[in-house]
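As C-alpha cells, the structure follows; a few thoughts come after it.
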Amino acid sequence: MKKNIYKKIYKKIKKYHDIVIVRHVGADPDALASQIGLRDVILNTFSNKNVYAVGLPSSKFKYVGVLDKTCDINYKNALLIILDTPDKKRIDGADPSMFKESIKIDHHPFVEKISDLEWIDDTASSTCQLILDLIFHTSLQINDEIAKKLYMGIVADTNRFLFRYTSEKTFTLVSKLLQKTHIDFPSLYDNLYMRSLKEIKFQGYLLSKLEVTENGFGYVKITEEDLQKYDVDAGTAGNMIDRFNYIDEVYAWGFFAEDVKHENIRGYIRSRGPIINDIASEFHGGGHIYASGARFHDFDEVDSIIEKLDARCHTYCLEKDL
Ligand SMILES: [Mn+2]
C-alpha cells in the first residue's frame, strides 16, 4: 500500500500539464520549502509543465524561495497539490473543488478529507521529509537548489533534529540527500537562525515574564504595548516558543500575544509531554499533539485555555508520577 502511494502521486503529477501547489496560512519554512521544492522538482523533471506555488508571500522566510504571483491557468483542467495542511479552512489561496483533481501530502494528524488522493503520515518529521521520500521513490529529479530548500524545511520543523518526530527515516533521507547533492548545509543555518538584537531582548523579556502554574504550565500574556516597546509583532513570540523547551519545571507552555491587525490574540502552545492539540481545537485551533496554536477573542478566553492546559499538566503529572 505504502509503496503504491509514491507511484500514485507521481502518476498524477506526470498526467497533468497544469499544477498548482498550496500550503497552510501563516507560512513557515517547512510549508514554504515543501511547496517551492516540489514545484521546482516537478519543473526540473518536466520542463514543459506549468507549475505554480501560490499563497501569501512571507518576507521573513524569503530566503526559502520565491512564490508565483500569477497563476494563469484554467483550474478545471488542473491538479491541485495541498501540502502541510490538515484541513480546508487552513489552505492559503485555493479551493480544491475548483480543480479537476487534488492531492494532499501532510504530516499533521488527520482532521478531514479534503482531496481525492491523500498521503498523510503523522509520524513524519516534516512535509519536506515526505517530499524527499517521494523524490527518492520516483523519477523526480532533484538538484542542489531543491536539496537546500528541503534540507532547510526538515531542519526547521525538527528544530535541528531535536523533536521526537525525528526518526531513523529522517536521518536516512537526509543522509541520502547529502550523498546525492553535496550541498554546503552548515551555510544554510545563517538564514534560519540569525536574529536581531531586539528579538533577543524580547526573548529575555518573555523569560522574565513567564508564569508557571503549580502543575507545570508556563505562559506569558503579551500585550500590544509590550510588542511596541520591543518593536516586534505577535508572530515574533511564535518564532521563539520552541526555545522555551527543556525547562525542568515546565511541561507545557504557551505565549498569547495581542494581534491588533487581526483584532484578536494569537496563541502558540508547546508541550514536552501532555497532549495539547485537542484542547487547542476546542478553541478553534489545532496542530500537532505537542505543537499547536489558536486564536482568541480576548484575554478571558485565554484564561480559560490556560486553565484547561494547566489541568492537562496536572493529569500528566499524576499519570507519570511527577
Ligand atoms: Mn510542517
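In the C-alpha cells, chains take the letters A, B, ... in the order shown, each chain's residues start at 1, and ligands count up from 1 in the order shown.
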Give as JSON, numbers by chain the residues surrounding ligand 1 up to a distance of 12 Å, considering only C-alpha atoms and all ligand atoms.
-> {"A": [23, 24, 25, 26, 27, 28, 29, 30, 31, 32, 33, 34, 35, 83, 84, 85, 86, 105, 106, 107, 108, 109, 120, 121, 122, 123, 124, 125, 126, 127, 128, 129, 130, 131, 150, 152, 153, 154, 155, 156, 157, 158, 159, 165, 287, 288, 291, 292]}
Dump of C-alpha atoms for the selected residues, as a PDB file, in the first residue's frame:
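File written: selection-v5.pdb
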```
ATOM      1  CA  ARG A  23       0.145  25.118   1.796  1.00  0.00           C
ATOM      2  CA  HIS A  24      -1.291  26.418   5.051  1.00  0.00           C
ATOM      3  CA  VAL A  25      -1.909  30.045   6.013  1.00  0.00           C
ATOM      4  CA  GLY A  26       0.785  31.623   8.166  1.00  0.00           C
ATOM      5  CA  ALA A  27       3.632  30.152   6.155  1.00  0.00           C
ATOM      6  CA  ASP A  28       6.614  28.595   7.915  1.00  0.00           C
ATOM      7  CA  PRO A  29       9.858  27.223   6.452  1.00  0.00           C
ATOM      8  CA  ASP A  30       8.582  23.625   6.152  1.00  0.00           C
ATOM      9  CA  ALA A  31       5.379  24.682   4.392  1.00  0.00           C
ATOM     10  CA  LEU A  32       7.185  27.050   2.025  1.00  0.00           C
ATOM     11  CA  ALA A  33      10.164  24.802   1.340  1.00  0.00           C
ATOM     12  CA  SER A  34       7.974  21.783   0.582  1.00  0.00           C
ATOM     13  CA  GLN A  35       5.808  23.911  -1.703  1.00  0.00           C
ATOM     14  CA  LEU A  83       0.957  20.483   1.352  1.00  0.00           C
ATOM     15  CA  ASP A  84       1.401  20.594   5.136  1.00  0.00           C
ATOM     16  CA  THR A  85      -2.284  21.425   5.711  1.00  0.00           C
ATOM     17  CA  PRO A  86      -4.729  19.151   7.548  1.00  0.00           C
ATOM     18  CA  ILE A 105       0.543  15.455   1.362  1.00  0.00           C
ATOM     19  CA  ASP A 106       0.755  16.173   5.081  1.00  0.00           C
ATOM     20  CA  HIS A 107       2.339  15.226   8.386  1.00  0.00           C
ATOM     21  CA  HIS A 108      -0.265  16.767  10.705  1.00  0.00           C
ATOM     22  CA  PRO A 109      -2.720  14.469  12.476  1.00  0.00           C
ATOM     23  CA  ILE A 120      -0.856  11.545   5.497  1.00  0.00           C
ATOM     24  CA  ASP A 121       1.962  10.339   7.699  1.00  0.00           C
ATOM     25  CA  ASP A 122       1.830  11.959  11.097  1.00  0.00           C
ATOM     26  CA  THR A 123       4.987  10.115  12.103  1.00  0.00           C
ATOM     27  CA  ALA A 124       6.981  12.092   9.538  1.00  0.00           C
ATOM     28  CA  SER A 125       9.087  14.921  10.904  1.00  0.00           C
ATOM     29  CA  SER A 126       8.050  17.406   8.254  1.00  0.00           C
ATOM     30  CA  THR A 127       6.334  17.773   4.915  1.00  0.00           C
ATOM     31  CA  CYS A 128       9.779  18.312   3.379  1.00  0.00           C
ATOM     32  CA  GLN A 129      10.698  14.826   4.586  1.00  0.00           C
ATOM     33  CA  LEU A 130       7.666  13.426   2.753  1.00  0.00           C
ATOM     34  CA  ILE A 131       8.612  15.301  -0.426  1.00  0.00           C
ATOM     35  CA  LEU A 150      14.112  20.624   1.546  1.00  0.00           C
ATOM     36  CA  MET A 152      16.017  23.766   5.485  1.00  0.00           C
ATOM     37  CA  GLY A 153      12.393  22.655   5.847  1.00  0.00           C
ATOM     38  CA  ILE A 154      13.394  19.481   7.688  1.00  0.00           C
ATOM     39  CA  VAL A 155      15.822  21.312   9.967  1.00  0.00           C
ATOM     40  CA  ALA A 156      13.218  23.966  10.771  1.00  0.00           C
ATOM     41  CA  ASP A 157      10.346  21.572  11.523  1.00  0.00           C
ATOM     42  CA  THR A 158      12.501  19.228  13.625  1.00  0.00           C
ATOM     43  CA  ASN A 159      14.182  22.150  15.398  1.00  0.00           C
ATOM     44  CA  TYR A 165       9.276  13.149  15.242  1.00  0.00           C
ATOM     45  CA  GLY A 287      -1.922  21.406  15.137  1.00  0.00           C
ATOM     46  CA  HIS A 288       0.367  18.630  16.231  1.00  0.00           C
ATOM     47  CA  ALA A 291       2.822  21.875  18.995  1.00  0.00           C
ATOM     48  CA  SER A 292      -0.431  23.738  18.479  1.00  0.00           C
TER      49      SER A 292
END
```
Any chance you could list, as number ranges by chain, the residues in segment 126-292 of chain A that come up alpha helix (DSSP H) when DSSP is run on the backbone?
-> A: 127-137, 144-157, 168-181, 189-193, 197-209, 224-230, 234-240, 277-282
Residues flagged strand (DSSP E) by DSSP in segment 19-225 of chain A, as a ChimeraX atom specification = /A:19-22,50-53,79-83,101-106,117-120,211-212,217-222
Output the selection as a PDB file, in the first residue's frame - C-alpha atoms for each residue.
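The resulting file, again17.pdb, is reproduced below:
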```pdb
ATOM      1  CA  ILE A  19      -0.375  22.040 -11.483  1.00  0.00           C
ATOM      2  CA  VAL A  20      -0.973  24.396  -8.550  1.00  0.00           C
ATOM      3  CA  ILE A  21       0.731  23.825  -5.199  1.00  0.00           C
ATOM      4  CA  VAL A  22      -0.530  25.378  -1.959  1.00  0.00           C
ATOM      5  CA  ASN A  50       3.050  24.835 -15.853  1.00  0.00           C
ATOM      6  CA  VAL A  51       3.602  24.541 -12.114  1.00  0.00           C
ATOM      7  CA  TYR A  52       2.690  27.302  -9.693  1.00  0.00           C
ATOM      8  CA  ALA A  53       3.378  27.671  -5.987  1.00  0.00           C
ATOM      9  CA  LEU A  79      -4.200  19.371 -10.484  1.00  0.00           C
ATOM     10  CA  LEU A  80      -4.071  20.928  -7.021  1.00  0.00           C
ATOM     11  CA  ILE A  81      -1.472  19.703  -4.526  1.00  0.00           C
ATOM     12  CA  ILE A  82      -2.076  20.734  -0.904  1.00  0.00           C
ATOM     13  CA  LEU A  83       0.957  20.483   1.352  1.00  0.00           C
ATOM     14  CA  GLU A 101      -8.277  16.715  -9.115  1.00  0.00           C
ATOM     15  CA  SER A 102      -6.419  17.235  -5.861  1.00  0.00           C
ATOM     16  CA  ILE A 103      -3.751  15.577  -3.743  1.00  0.00           C
ATOM     17  CA  LYS A 104      -2.878  16.200  -0.110  1.00  0.00           C
ATOM     18  CA  ILE A 105       0.543  15.455   1.362  1.00  0.00           C
ATOM     19  CA  ASP A 106       0.755  16.173   5.081  1.00  0.00           C
ATOM     20  CA  LEU A 117      -5.791  11.357  -3.039  1.00  0.00           C
ATOM     21  CA  GLU A 118      -4.339  11.823   0.436  1.00  0.00           C
ATOM     22  CA  TRP A 119      -0.952  10.844   1.798  1.00  0.00           C
ATOM     23  CA  ILE A 120      -0.856  11.545   5.497  1.00  0.00           C
ATOM     24  CA  GLU A 211       4.388  32.479  34.833  1.00  0.00           C
ATOM     25  CA  VAL A 212       4.447  28.832  35.826  1.00  0.00           C
ATOM     26  CA  PHE A 217       2.064  25.017  32.692  1.00  0.00           C
ATOM     27  CA  GLY A 218       4.118  28.064  31.717  1.00  0.00           C
ATOM     28  CA  TYR A 219       2.622  31.067  29.976  1.00  0.00           C
ATOM     29  CA  VAL A 220       3.137  34.679  29.023  1.00  0.00           C
ATOM     30  CA  LYS A 221       0.387  37.117  28.074  1.00  0.00           C
ATOM     31  CA  ILE A 222       1.802  39.692  25.702  1.00  0.00           C
TER      32      ILE A 222
END
```
Test item: residues at most 6 Å from segment 265-282 of chain A, only C-alpha atoms, excluding those fewer than 2 positions along its chain, as a ChimeraX atom specification | /A:238,251-259,284-296,316
Surrounding residues of His314 of chain A excluding itself and chain neighbours under 3 positions, 9 Å, only C-alpha atoms, as a VMD selection string | chain A and resid 214 to 217 309 to 311 317 to 319
Output the selection as a JSON list (two decimals), in the first residue's frame - N, CA and C atoms for each residue.
```json
[["chain", "number", "residue", "atom", "x", "y", "z"],
["A", 214, "GLU", "N", 1.40, 25.65, 39.36],
["A", 214, "GLU", "CA", 1.84, 24.57, 40.25],
["A", 214, "GLU", "C", 1.99, 23.25, 39.50],
["A", 215, "ASN", "N", 1.17, 23.08, 38.47],
["A", 215, "ASN", "CA", 1.20, 21.82, 37.71],
["A", 215, "ASN", "C", 2.16, 21.84, 36.53],
["A", 216, "GLY", "N", 2.87, 22.95, 36.36],
["A", 216, "GLY", "CA", 3.88, 22.99, 35.31],
["A", 216, "GLY", "C", 3.42, 23.48, 33.96],
["A", 217, "PHE", "N", 2.39, 24.35, 33.95],
["A", 217, "PHE", "CA", 2.06, 25.02, 32.69],
["A", 217, "PHE", "C", 2.65, 26.43, 32.74],
["A", 309, "LEU", "N", -5.24, 23.82, 30.06],
["A", 309, "LEU", "CA", -3.90, 23.29, 29.84],
["A", 309, "LEU", "C", -3.22, 22.97, 31.17],
["A", 310, "ASP", "N", -3.52, 23.78, 32.16],
["A", 310, "ASP", "CA", -2.98, 23.53, 33.49],
["A", 310, "ASP", "C", -3.54, 22.21, 34.04],
["A", 311, "ALA", "N", -4.84, 22.00, 33.82],
["A", 311, "ALA", "CA", -5.47, 20.76, 34.26],
["A", 311, "ALA", "C", -4.85, 19.55, 33.54],
["A", 317, "CYS", "N", 1.07, 14.84, 35.22],
["A", 317, "CYS", "CA", 1.95, 14.62, 36.37],
["A", 317, "CYS", "C", 1.49, 13.42, 37.20],
["A", 318, "LEU", "N", 0.16, 13.29, 37.34],
["A", 318, "LEU", "CA", -0.37, 12.15, 38.11],
["A", 318, "LEU", "C", -0.04, 10.85, 37.39],
["A", 319, "GLU", "N", -0.26, 10.83, 36.07],
["A", 319, "GLU", "CA", -0.01, 9.62, 35.28],
["A", 319, "GLU", "C", 1.47, 9.23, 35.31]]
```
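You can rank A:Asn74, A:Ser97, A:Thr138, A:Asn48 by their closest distance to Tyr10 of chain A using only C-alpha atoms, and at the top of that list sits A:Thr138.
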Residue contacts of Lys261 of chain A (12 Å, only C-alpha atoms) excluding same-chain residues fewer than 6 positions away, as a JSON list (two decimals) with C-alpha atoms, in the first residue's frame:
```
[["chain", "number", "residue", "atom", "x", "y", "z"],
["A", 224, "GLU", "CA", 0.31, 45.34, 22.16],
["A", 233, "ASP", "CA", 4.99, 41.73, 16.22],
["A", 234, "ALA", "CA", 2.73, 38.97, 17.53],
["A", 235, "GLY", "CA", 4.42, 36.45, 15.24]]
```
